[in-house]
$ cat structure_36.txt   # compact mmCIF, C-alpha atoms
# COMPACT_ATOMS: atom_id res chain seq x y z
CA MET A 347 7.81 -19.73 91.82
CA SER A 348 7.51 -17.55 94.90
CA LEU A 349 5.20 -14.69 95.68
CA GLU A 350 6.66 -11.27 94.86
CA LEU A 351 5.56 -8.05 96.54
CA TYR A 352 6.70 -4.81 94.92
CA MET A 353 6.84 -2.16 97.63
CA ASP A 354 8.42 0.89 99.16
CA LEU A 355 7.57 1.15 102.85
CA LEU A 356 7.33 4.92 102.54
CA SER A 357 3.87 4.22 101.16
CA ALA A 358 1.14 3.41 103.68
CA PRO A 359 -0.61 0.87 101.42
CA CYS A 360 2.74 -0.95 101.10
CA ARG A 361 3.16 -1.03 104.88
CA ALA A 362 -0.29 -2.57 105.28
CA VAL A 363 0.57 -5.37 102.85
CA TYR A 364 4.06 -5.85 104.34
CA ILE A 365 2.84 -6.05 107.93
CA PHE A 366 -0.01 -8.40 107.00
CA ALA A 367 2.26 -10.78 105.08
CA ARG A 368 4.93 -10.81 107.78
CA LYS A 369 2.46 -11.18 110.64
CA ASN A 370 0.83 -14.15 108.94
CA GLY A 371 4.10 -15.82 108.01
CA ILE A 372 3.40 -15.57 104.28
CA PRO A 373 6.67 -16.16 102.44
CA PHE A 374 7.45 -13.53 99.79
CA ASP A 375 10.25 -11.85 97.90
CA PHE A 376 10.42 -8.15 98.80
CA GLN A 377 10.98 -6.33 95.52
CA PHE A 378 12.05 -2.87 96.58
CA VAL A 379 10.84 -0.15 94.18
CA ASP A 380 12.46 3.06 95.41
CA LEU A 381 9.92 5.89 95.20
CA LEU A 382 12.54 8.50 96.09
CA LYS A 383 14.65 7.45 93.11
CA GLY A 384 11.63 7.34 90.81
CA HIS A 385 11.97 3.60 90.20
CA HIS A 386 8.20 3.25 89.92
CA HIS A 387 8.64 4.97 86.54
CA SER A 388 11.29 2.49 85.38
CA ARG A 389 10.64 0.32 82.35
CA GLU A 390 10.92 -2.81 84.48
CA TYR A 391 8.29 -1.68 86.91
CA ILE A 392 5.94 -0.28 84.27
CA GLU A 393 5.79 -3.82 82.88
CA ILE A 394 4.53 -5.01 86.24
CA ASN A 395 2.14 -2.09 86.77
CA PRO A 396 1.59 0.38 83.92
CA LEU A 397 -0.17 2.67 86.41
CA ARG A 398 3.20 2.98 88.20
CA LYS A 399 1.71 2.65 91.65
CA LEU A 400 2.72 0.62 94.67
CA PRO A 401 2.19 -2.00 95.99
CA SER A 402 1.92 -4.71 93.34
CA LEU A 403 1.73 -8.46 93.81
CA LYS A 404 3.04 -11.08 91.41
CA ASP A 405 1.95 -14.63 92.13
CA GLY A 406 3.24 -16.80 89.30
CA LYS A 407 1.69 -15.20 86.21
CA PHE A 408 -0.99 -13.40 88.19
CA ILE A 409 -0.22 -9.71 88.75
CA LEU A 410 -2.42 -7.65 91.05
CA SER A 411 -2.35 -4.01 92.12
CA GLU A 412 -4.27 -2.01 94.77
CA SER A 413 -3.44 -2.73 98.39
CA VAL A 414 -7.01 -3.56 99.45
CA ALA A 415 -7.32 -6.10 96.63
CA ILE A 416 -3.92 -7.55 97.61
CA LEU A 417 -4.89 -7.79 101.29
CA PHE A 418 -8.15 -9.60 100.47
CA TYR A 419 -6.30 -11.92 98.08
CA LEU A 420 -3.58 -12.83 100.58
CA CYS A 421 -6.10 -13.24 103.39
CA ARG A 422 -8.06 -15.77 101.42
CA LYS A 423 -5.26 -17.58 99.61
CA TYR A 424 -3.22 -18.12 102.76
CA SER A 425 -6.25 -18.75 105.00
CA ALA A 426 -5.41 -16.02 107.49
CA PRO A 427 -7.25 -16.25 110.84
CA SER A 428 -10.84 -15.13 110.36
CA HIS A 429 -10.63 -12.03 112.56
CA TRP A 430 -8.70 -10.28 109.79
CA TYR A 431 -11.74 -10.38 107.45
CA PRO A 432 -14.63 -11.82 109.48
CA PRO A 433 -17.05 -14.10 107.65
CA ASP A 434 -20.17 -12.74 109.41
CA LEU A 435 -22.09 -10.68 106.83
CA HIS A 436 -22.57 -7.54 108.91
CA THR A 437 -19.09 -7.53 110.40
CA ARG A 438 -17.51 -8.04 106.99
CA ALA A 439 -19.65 -5.23 105.59
CA ARG A 440 -18.21 -2.94 108.26
CA VAL A 441 -14.68 -3.77 107.03
CA ASP A 442 -15.76 -3.29 103.39
CA GLU A 443 -17.35 0.00 104.27
CA PHE A 444 -14.21 1.27 105.93
CA MET A 445 -11.98 0.06 103.08
CA ALA A 446 -14.13 1.97 100.57
CA TRP A 447 -14.30 5.12 102.69
CA GLN A 448 -10.63 5.35 103.67
CA HIS A 449 -9.25 6.16 100.20
CA THR A 450 -10.48 9.73 100.20
CA ALA A 451 -11.30 10.19 103.87
CA ILE A 452 -8.06 9.01 105.48
CA GLN A 453 -5.34 8.08 102.99
CA LEU A 454 -5.61 11.21 100.89
CA PRO A 455 -5.66 13.80 103.70
CA MET A 456 -2.91 12.02 105.65
CA ASN A 457 -0.69 12.16 102.58
CA LYS A 458 -1.59 15.79 102.06
CA ILE A 459 -0.20 16.62 105.51
CA LEU A 460 3.07 14.96 104.57
CA TRP A 461 3.28 16.85 101.28
CA ILE A 462 2.31 20.20 102.73
CA LYS A 463 4.45 20.05 105.85
CA LEU A 464 7.53 18.28 104.55
CA LEU A 465 7.83 17.34 100.91
CA ILE A 466 6.69 20.50 99.14
CA PRO A 467 8.97 22.79 101.17
CA MET A 468 11.81 20.28 100.86
CA ILE A 469 11.56 19.69 97.13
CA THR A 470 10.43 23.05 95.80
CA GLY A 471 11.81 25.32 98.51
CA GLU A 472 8.38 26.97 98.78
CA GLU A 473 5.97 26.93 101.69
CA VAL A 474 2.30 26.19 101.11
CA PRO A 475 0.07 29.19 102.03
CA ALA A 476 -1.13 29.02 105.63
CA GLU A 477 -4.76 29.15 104.53
CA LYS A 478 -4.40 25.94 102.52
CA THR A 479 -2.66 24.26 105.44
CA GLU A 480 -5.42 25.31 107.83
CA GLN A 481 -8.11 24.07 105.46
CA MET A 482 -6.37 20.75 105.12
CA LEU A 483 -5.88 20.28 108.85
CA GLU A 484 -9.59 21.00 109.36
CA GLU A 485 -10.43 18.27 106.86
CA VAL A 486 -8.16 15.82 108.68
CA LYS A 487 -9.74 16.70 112.01
CA LYS A 488 -13.20 16.01 110.59
CA SER A 489 -12.14 12.69 109.12
CA LEU A 490 -10.62 11.54 112.39
CA GLN A 491 -13.74 12.57 114.26
CA LEU A 492 -15.85 10.54 111.85
CA PHE A 493 -13.46 7.62 112.21
CA GLU A 494 -13.94 7.65 115.99
CA GLU A 495 -17.67 8.22 115.94
CA LYS A 496 -18.64 5.88 113.17
CA PHE A 497 -16.01 3.18 112.82
CA LEU A 498 -14.37 2.84 116.22
CA GLN A 499 -17.17 3.96 118.56
CA ASP A 500 -16.70 2.30 121.96
CA ARG A 501 -15.08 -0.83 120.64
CA MET A 502 -11.52 -2.02 121.09
CA PHE A 503 -11.13 -2.37 117.34
CA ILE A 504 -13.27 -1.44 114.35
CA THR A 505 -15.11 -4.78 114.23
CA GLY A 506 -15.15 -5.46 117.98
CA ASP A 507 -12.74 -7.31 120.19
CA GLN A 508 -10.23 -8.31 117.57
CA MET A 509 -8.11 -6.52 115.04
CA SER A 510 -9.04 -6.72 111.36
CA LEU A 511 -7.64 -5.50 108.03
CA ALA A 512 -9.54 -2.25 108.63
CA ASP A 513 -7.52 -1.36 111.74
CA LEU A 514 -4.27 -2.20 109.96
CA VAL A 515 -5.06 0.01 106.98
CA ALA A 516 -6.35 2.82 109.19
CA LEU A 517 -3.29 2.88 111.39
CA VAL A 518 -0.58 2.75 108.72
CA GLU A 519 -2.30 5.63 106.97
CA MET A 520 -2.59 7.70 110.13
CA MET A 521 1.15 7.16 110.68
CA GLN A 522 2.00 8.87 107.39
CA PRO A 523 2.18 12.44 108.80
CA MET A 524 4.70 11.29 111.44
CA ALA A 525 7.41 11.75 108.83
CA SER A 526 6.68 15.47 108.94
CA ASN A 527 6.60 15.47 112.73
CA HIS A 528 2.85 15.71 112.81
CA ASN A 529 1.22 13.35 115.29
CA VAL A 530 -2.52 13.00 114.70
CA PHE A 531 -2.97 10.93 117.86
CA LEU A 532 -2.15 13.77 120.26
CA ASN A 533 -5.63 15.27 120.35
CA SER A 534 -7.62 12.19 121.26
CA SER A 535 -6.85 9.71 124.00
CA LYS A 536 -9.35 7.30 122.47
CA LEU A 537 -7.45 7.35 119.19
CA ALA A 538 -4.08 7.11 120.95
CA GLU A 539 -5.26 4.09 122.95
CA TRP A 540 -6.57 2.40 119.82
CA ARG A 541 -3.26 3.10 118.10
CA MET A 542 -1.34 1.43 120.92
CA ARG A 543 -3.67 -1.55 120.93
CA VAL A 544 -3.16 -2.10 117.19
CA GLU A 545 0.61 -1.68 117.48
CA LEU A 546 0.80 -4.21 120.32
CA THR A 547 -1.38 -6.70 118.45
CA ILE A 548 0.86 -6.44 115.39
CA GLY A 549 3.93 -6.54 117.62
CA SER A 550 5.98 -3.42 118.24
CA GLY A 551 9.06 -4.91 116.60
CA LEU A 552 7.35 -5.56 113.29
CA PHE A 553 5.36 -2.32 113.49
CA TRP A 554 8.38 -0.06 113.93
CA GLU A 555 10.49 -2.04 111.46
CA ALA A 556 7.78 -1.34 108.87
CA HIS A 557 7.82 2.38 109.75
CA GLU A 558 11.58 2.88 109.90
CA ARG A 559 11.97 4.31 106.40
CA LEU A 560 9.01 6.64 106.92
CA VAL A 561 10.24 8.16 110.15
CA LYS A 562 13.65 8.82 108.61
CA LEU A 563 12.21 10.63 105.59
CA ALA A 564 13.13 14.10 106.88
CA GLU A 565 16.79 13.07 106.68
CA TRP A 566 16.53 12.37 102.96
CA ASP A 567 18.86 14.42 100.82
CA CYS A 568 16.49 15.52 98.10
CA SER A 569 19.21 17.13 96.07
CA THR A 570 19.75 13.62 94.74
CA LEU A 571 16.24 13.66 93.31
CA ASP A 572 16.23 12.86 89.60
CA PRO A 573 15.38 16.14 87.75
CA MET A 574 12.72 14.45 85.65
CA VAL A 575 11.11 13.04 88.77
CA LYS A 576 11.35 16.47 90.39
CA GLU A 577 9.53 17.99 87.42
CA ARG A 578 6.79 15.39 87.65
CA ILE A 579 6.44 16.06 91.36
CA CYS A 580 6.17 19.82 90.80
CA GLU A 581 3.36 19.27 88.28
CA PHE A 582 1.59 16.93 90.62
CA LEU A 583 2.00 19.44 93.42
CA GLN A 584 -0.14 22.02 91.69
CA LYS A 585 -3.24 20.48 93.10
CA TYR A 586 -1.99 20.79 96.66
CA LYS A 587 -1.25 24.49 96.41
CA GLY B 1215 -25.71 -20.33 92.57
CA PRO B 1216 -28.76 -22.14 93.94
CA GLY B 1217 -31.71 -19.85 94.45
CA ALA B 1218 -30.13 -17.06 92.42
CA LEU B 1219 -32.64 -14.80 90.75
CA PRO B 1220 -32.55 -14.56 86.96
CA GLY B 1221 -31.36 -11.37 85.29
CA PRO B 1222 -29.72 -8.41 86.97
CA ALA B 1223 -30.81 -9.16 90.49
CA VAL B 1224 -29.03 -6.33 92.25
CA PRO B 1225 -31.89 -3.93 92.86
CA ALA B 1226 -31.55 -0.67 90.95
CA LEU B 1227 -28.31 1.24 91.41
CA PRO B 1228 -26.41 2.76 94.33
CA ARG B 1229 -28.30 6.04 94.24
CA ARG B 1230 -31.67 4.33 94.32
CA LEU B 1231 -31.23 1.44 96.73
CA HIS B 1232 -34.37 0.93 98.74
CA LEU B 1233 -33.27 -0.77 101.91
CA ARG B 1234 -35.68 -2.02 104.49
CA GLN B 1235 -35.13 -0.62 107.97
CA GLU B 1236 -33.17 -3.64 109.22
CA GLU B 1237 -30.76 -3.56 106.30
CA ARG B 1238 -30.46 0.18 106.46
CA HIS B 1239 -29.04 0.18 109.97
CA PRO B 1240 -25.64 -1.52 109.77
CA LEU B 1241 -24.62 0.36 106.66
CA ARG B 1242 -26.20 3.70 107.19
CA ALA B 1243 -23.70 6.34 106.25
CA ALA B 1244 -23.93 9.29 108.58
CA HIS B 1245 -21.87 11.31 106.16
CA ARG B 1246 -21.15 10.92 102.48
CA GLY B 1247 -22.91 7.89 101.05
CA ALA B 1248 -21.07 7.48 97.77
CA ALA B 1249 -18.06 5.55 99.10
CA GLN B 1250 -20.23 3.06 100.90
CA SER B 1251 -22.13 1.96 97.82
CA VAL B 1252 -19.41 -0.64 97.20
CA ALA B 1253 -19.93 -2.18 100.62
CA ILE B 1254 -23.69 -2.06 100.10
CA LEU B 1255 -23.41 -3.82 96.75
CA THR B 1256 -21.23 -6.64 98.09
CA TYR B 1257 -23.52 -6.98 101.13
CA LEU B 1258 -26.58 -7.29 98.91
CA SER B 1259 -24.81 -9.68 96.52
CA CYS B 1260 -24.04 -12.02 99.40
CA LYS B 1261 -27.24 -11.65 101.36
CA TYR B 1262 -29.55 -12.08 98.39
CA GLN B 1263 -27.30 -14.58 96.61
CA THR B 1264 -27.36 -12.74 93.35
CA ALA B 1265 -26.04 -14.31 90.15
CA ASP B 1266 -22.36 -15.22 90.46
CA HIS B 1267 -21.11 -12.98 87.68
CA TRP B 1268 -21.70 -9.79 89.74
CA TYR B 1269 -19.14 -10.78 92.39
CA PRO B 1270 -17.64 -14.11 91.31
CA PRO B 1271 -16.37 -16.42 94.03
CA ASP B 1272 -13.18 -17.36 92.13
CA LEU B 1273 -10.12 -15.93 93.94
CA GLN B 1274 -8.50 -14.23 90.97
CA ALA B 1275 -11.75 -13.05 89.36
CA ARG B 1276 -12.81 -11.44 92.61
CA ALA B 1277 -9.34 -9.91 93.06
CA ARG B 1278 -9.72 -8.18 89.69
CA ILE B 1279 -12.94 -6.57 90.90
CA HIS B 1280 -11.31 -5.34 94.11
CA GLU B 1281 -8.39 -4.08 92.06
CA TYR B 1282 -10.71 -2.07 89.84
CA LEU B 1283 -12.69 -0.74 92.81
CA GLY B 1284 -9.52 0.42 94.59
CA TRP B 1285 -8.41 2.38 91.54
CA HIS B 1286 -11.97 3.63 91.03
CA ALA B 1287 -12.02 5.06 94.56
CA ASP B 1288 -8.89 7.12 93.85
CA CYS B 1289 -9.36 8.07 90.21
CA ILE B 1290 -13.04 7.93 89.29
CA ARG B 1291 -15.08 8.72 92.35
CA GLY B 1292 -15.04 12.43 93.07
CA THR B 1293 -13.43 13.25 89.73
CA PHE B 1294 -16.42 12.29 87.62
CA GLY B 1295 -18.82 14.15 89.89
CA VAL B 1296 -17.05 17.48 89.37
CA PRO B 1297 -18.80 18.32 86.05
CA LEU B 1298 -22.14 18.18 87.90
CA TRP B 1299 -20.78 20.68 90.40
CA VAL B 1300 -19.41 22.87 87.63
CA ARG B 1301 -22.51 22.90 85.50
CA VAL B 1302 -25.37 22.63 87.99
CA LEU B 1303 -24.60 22.55 91.70
CA ALA B 1304 -22.17 25.44 92.12
CA PRO B 1305 -24.42 27.78 90.10
CA LEU B 1306 -27.30 26.83 92.42
CA THR B 1307 -25.37 28.38 95.29
CA GLY B 1308 -24.52 31.39 93.19
CA THR B 1309 -20.84 30.46 92.80
CA GLN B 1310 -18.65 29.30 89.95
CA VAL B 1311 -15.98 26.65 90.02
CA PRO B 1312 -12.74 28.43 88.97
CA GLU B 1313 -11.79 27.81 85.35
CA GLU B 1314 -8.41 26.38 86.32
CA LYS B 1315 -10.12 23.66 88.37
CA VAL B 1316 -12.49 22.92 85.48
CA GLU B 1317 -9.49 22.44 83.17
CA ARG B 1318 -7.64 20.29 85.64
CA ASN B 1319 -10.74 18.14 86.03
CA ARG B 1320 -11.09 17.66 82.29
CA THR B 1321 -7.49 16.47 82.15
CA ALA B 1322 -8.09 14.09 85.06
CA ILE B 1323 -11.23 12.75 83.36
CA ASP B 1324 -9.38 12.22 80.07
CA TRP B 1325 -6.57 10.42 81.79
CA ALA B 1326 -8.94 8.18 83.75
CA LEU B 1327 -10.94 7.30 80.63
CA GLN B 1328 -7.71 6.27 78.90
CA GLN B 1329 -6.80 4.00 81.82
CA LEU B 1330 -10.31 2.57 81.82
CA GLU B 1331 -10.06 1.73 78.15
CA ASP B 1332 -6.46 0.54 78.04
CA LYS B 1333 -5.79 -1.11 81.39
CA PHE B 1334 -9.12 -2.26 82.69
CA LEU B 1335 -11.12 -2.95 79.55
CA GLY B 1336 -8.30 -3.90 77.20
CA ASP B 1337 -9.77 -6.29 74.67
CA ARG B 1338 -12.22 -7.73 77.21
CA ALA B 1339 -15.97 -7.31 77.15
CA PHE B 1340 -16.14 -5.81 80.66
CA LEU B 1341 -13.85 -4.10 83.14
CA ALA B 1342 -12.92 -7.05 85.33
CA GLY B 1343 -13.39 -9.92 82.89
CA GLN B 1344 -15.72 -11.26 80.24
CA GLN B 1345 -18.91 -10.83 82.25
CA VAL B 1346 -20.65 -7.88 83.89
CA THR B 1347 -19.54 -7.37 87.49
CA LEU B 1348 -20.04 -4.81 90.24
CA ALA B 1349 -17.06 -2.97 88.74
CA ASP B 1350 -19.00 -2.16 85.56
CA LEU B 1351 -22.00 -1.00 87.54
CA MET B 1352 -19.95 1.35 89.71
CA ALA B 1353 -18.13 2.73 86.67
CA LEU B 1354 -21.28 3.28 84.64
CA GLU B 1355 -22.95 5.26 87.39
CA GLU B 1356 -19.96 7.57 87.72
CA LEU B 1357 -19.51 8.10 83.99
CA ILE B 1358 -23.13 9.00 83.51
CA GLN B 1359 -22.59 12.20 85.49
CA PRO B 1360 -20.44 14.06 82.95
CA VAL B 1361 -22.54 12.50 80.18
CA ALA B 1362 -25.62 14.07 81.76
CA VAL B 1363 -24.12 17.55 81.58
CA GLY B 1364 -22.99 17.17 78.00
CA TYR B 1365 -19.39 15.95 78.17
CA ASP B 1366 -18.41 13.76 75.24
CA LEU B 1367 -16.56 10.95 76.95
CA PHE B 1368 -16.37 8.61 74.01
CA GLU B 1369 -14.86 10.57 71.15
CA GLY B 1370 -11.92 8.53 69.95
CA ARG B 1371 -12.81 5.80 72.43
CA GLN B 1372 -14.87 3.29 70.51
CA ARG B 1373 -14.01 0.38 72.73
CA LEU B 1374 -15.14 2.29 75.80
CA ALA B 1375 -18.31 3.45 74.04
CA ALA B 1376 -19.07 -0.16 73.11
CA TRP B 1377 -18.54 -1.24 76.72
CA TYR B 1378 -20.87 1.49 77.99
CA GLY B 1379 -23.54 0.33 75.54
CA ARG B 1380 -23.04 -3.29 76.56
CA VAL B 1381 -23.55 -2.52 80.25
CA GLU B 1382 -26.69 -0.49 79.53
CA ALA B 1383 -28.00 -3.27 77.30
CA PHE B 1384 -27.35 -5.81 80.04
CA LEU B 1385 -29.29 -3.75 82.58
CA GLY B 1386 -32.11 -3.27 80.11
CA ALA B 1387 -33.89 -0.17 78.86
CA GLU B 1388 -36.57 -0.16 81.54
CA LEU B 1389 -34.16 -0.25 84.47
CA CYS B 1390 -31.91 2.31 82.81
CA GLN B 1391 -34.82 4.65 82.25
CA GLU B 1392 -35.94 4.31 85.86
CA ALA B 1393 -32.50 4.78 87.37
CA HIS B 1394 -30.93 7.18 84.88
CA GLY B 1395 -33.98 9.22 83.93
CA PRO B 1396 -33.57 11.83 86.67
CA ILE B 1397 -29.90 12.51 86.11
CA LEU B 1398 -30.14 12.54 82.34
CA THR B 1399 -32.80 15.25 82.47
CA ILE B 1400 -30.91 17.43 84.92
CA LEU B 1401 -30.03 20.13 82.39
CA GLU B 1402 -33.64 20.30 81.22
CA GLU B 1403 -34.80 20.74 84.77
CA GLU B 1404 -32.17 23.37 85.35
CA ALA B 1405 -33.34 25.31 82.31
CA LYS B 1406 -36.95 25.11 83.47
CA LYS B 1407 -35.84 26.11 86.98
CA THR B 1408 -37.53 23.05 88.44
CA LEU B 1409 -34.44 21.88 90.33
CA PRO B 1410 -34.77 22.01 94.11
CA VAL B 1411 -32.92 25.03 95.45
CA PRO B 1412 -30.53 24.14 98.26
CA PRO B 1413 -31.50 25.69 101.61
CA PRO B 1414 -29.05 28.30 102.96
CA HIS B 1415 -27.81 26.01 105.73
CA ALA B 1416 -26.50 23.65 103.04
CA TYR B 1417 -24.29 26.33 101.47
CA PRO B 1418 -21.23 26.06 103.75
CA GLY B 1419 -21.00 22.31 103.11
CA MET B 1420 -21.41 22.82 99.38
CA LEU B 1421 -18.80 25.57 99.32
CA ARG B 1422 -16.37 23.34 101.24
CA ARG B 1423 -16.96 20.62 98.68
CA ILE B 1424 -16.20 23.05 95.87
CA ALA B 1425 -13.04 24.22 97.66
CA ARG B 1426 -11.86 20.61 97.79
CA ILE B 1427 -11.97 20.25 94.00
CA PRO B 1428 -8.29 20.03 93.06
$ encode --input "structure_36.txt" --output "structure tokens"
Amino acid sequence: MSLELYMDLLSAPCRAVYIFARKNGIPFDFQFVDLLKGHHHSREYIEINPLRKLPSLKDGKFILSESVAILFYLCRKYSAPSHWYPPDLHTRARVDEFMAWQHTAIQLPMNKILWIKLLIPMITGEEVPAEKTEQMLEEVKKSLQLFEEKFLQDRMFITGDQMSLADLVALVEMMQPMASNHNVFLNSSKLAEWRMRVELTIGSGLFWEAHERLVKLAEWDCSTLDPMVKERICEFLQKYK
Amino acid sequence: GPGALPGPAVPALPRRLHLRQEERHPLRAAHRGAAQSVAILTYLSCKYQTADHWYPPDLQARARIHEYLGWHADCIRGTFGVPLWVRVLAPLTGTQVPEEKVERNRTAIDWALQQLEDKFLGDRAFLAGQQVTLADLMALEELIQPVAVGYDLFEGRQRLAAWYGRVEAFLGAELCQEAHGPILTILEEEAKKTLPVPPPHAYPGMLRRIARIP
């Protein structure tokens, strides 16, 4: 029975898992769960993950959610080269530290940009008040500053000379606002150089293949959005307004 | 494993870790410390070779812990700290958290508690399996915050209440008293006005934190 990965590459955590599996030649069945069509709320998917989130992994009878857990699992099970999750105690702790910090410091704000600049106006027809947008962009700026000062510093990659899971997760998340034409790498040459380094290490072909659906998001015809899904989104949006 | 210390060997709890200077350096958080407690716990588990059950070496058992901790980062951390802000910290700066945010937070807490009980605990003894792990420790320390300001988290949630009691019993009364004493008496201290008053230069940061409450 083969490994199944339930994903939609619109989601940054899915892209991290996808890129990692492809880069390491891990064979898997790509089970596409279309977020735009609300398929993560389907009965079939709820059986896989009652929390309705992506990505999920199914390895025989073993089902696992949470991208960081999936990355660690794949890394170990398929004996990925050690630079991805270095065995040295302090270096590994640096990766662990980043993985814990990124949920609220990077992933959340990067998604907020996408919602505020593209999805909310597109789906509800309303613009988010400028003050909220400003506040959010300030938060993002602070997070990126911290990322540079604390995690990247003067190194080529977060752990040193080689790329690790931390760089992969960081980059796919920072790409999220690109779908709303917002490029967070413009203000810092250090960040832009790191971005290029990570892309080249992954391989530009694989990198941009993984990001294709994201960069085309603005072309999505949201009038096809399921009304029930639209309602759910509008509720969820309250906290961004 | 060999050389493992008996009993709950992980020293105290995230808020009270006493790290020697050399250990403090690689993991020192220049900013918010809460997120990093996970990395600190796994670091300590490995470095001090604590009992296996905290962070079991088995691939799937360990994956369950990471799975819980990922969800915890999104749905527990931050959310369960809001009641402290509502009841104690915002008032210390002379502000109130808007009622609509308080309501939204209660809903988020309720939802998270349901997931904790149904998905993570299920009919198991602990959140990531049948033994206490780092997952239970992280969860307990977050849940204690609303408990400390009088939220009833366990009404209608007997399984979760039993789990909470089991984790406390595992840690032992003495350790719980030492680590939880200060937070559990926070309302008393507030009433007696013995809480440290934040200096004015801390206000902007605190107000930003309050603004970020969804």
$ atom_distance --input "structure_36.txt" --atom1 "atom CA of A:Ile462" --atom2 "atom CA of B:Tyr1282"
28.8 Å
$ residues_near_point --input "structure_36.txt" --point "(6.4, -7.2, 97.0)" --cutoff "10 Å" --atoms "all atoms listed in the file" --output "compact mmCIF listing (two decimals) with C-alpha atoms, keeping the file's coordinate frame"
# COMPACT_ATOMS: atom_id res chain seq x y z
CA LEU A 349 5.20 -14.69 95.68
CA GLU A 350 6.66 -11.27 94.86
CA LEU A 351 5.56 -8.05 96.54
CA TYR A 352 6.70 -4.81 94.92
CA MET A 353 6.84 -2.16 97.63
CA ASP A 354 8.42 0.89 99.16
CA CYS A 360 2.74 -0.95 101.10
CA VAL A 363 0.57 -5.37 102.85
CA TYR A 364 4.06 -5.85 104.34
CA ALA A 367 2.26 -10.78 105.08
CA PHE A 374 7.45 -13.53 99.79
CA ASP A 375 10.25 -11.85 97.90
CA PHE A 376 10.42 -8.15 98.80
CA GLN A 377 10.98 -6.33 95.52
CA PHE A 378 12.05 -2.87 96.58
CA VAL A 379 10.84 -0.15 94.18
CA LEU A 400 2.72 0.62 94.67
CA PRO A 401 2.19 -2.00 95.99
CA SER A 402 1.92 -4.71 93.34
CA LEU A 403 1.73 -8.46 93.81
CA LYS A 404 3.04 -11.08 91.41
CA ASP A 405 1.95 -14.63 92.13
$ closest_residue --input "structure_36.txt" --among "A:Pro523, A:Trp540, A:Ser534, A:Leu483" --to "A:Asp500" --atoms "only C-alpha atoms"
A:Trp540
$ closest_residue --input "structure_36.txt" --among "B:Thr1307, B:Asn1319, B:Gln1359, B:Thr1408" --to "chain A" --atoms "only C-alpha atoms"
B:Asn1319
$ interface_residues --input "structure_36.txt" --of "chain B" --to "chain A" --cutoff "8 Å" --atoms "only C-alpha atoms" --output "PyMOL selection string"
chain B and resi 1240-1241+1244+1249-1250+1252-1254+1256-1257+1260-1261+1273-1274+1277-1278+1280-1281+1284-1285+1287-1288+1333+1428
$ closest_residue --input "structure_36.txt" --among "B:Val1363, B:Cys1390, B:Ala1375, B:Leu1341" --to "B:Leu1303" --atoms "only C-alpha atoms"
B:Val1363
$ closest_atom_pairs --input "structure_36.txt" --of "stretch 372-413 of chain A" --to "stretch 570-580 of chain A" --cutoff "9 Å" --atoms "all atoms listed in the file" --output "CSV"
residue,atom,partner,partner_atom,distance
A:Leu382,CA,A:Leu571,CA,6.9
A:Lys383,CA,A:Leu571,CA,6.4
A:Gly384,CA,A:Val575,CA,6.1
A:His387,CA,A:Val575,CA,8.7
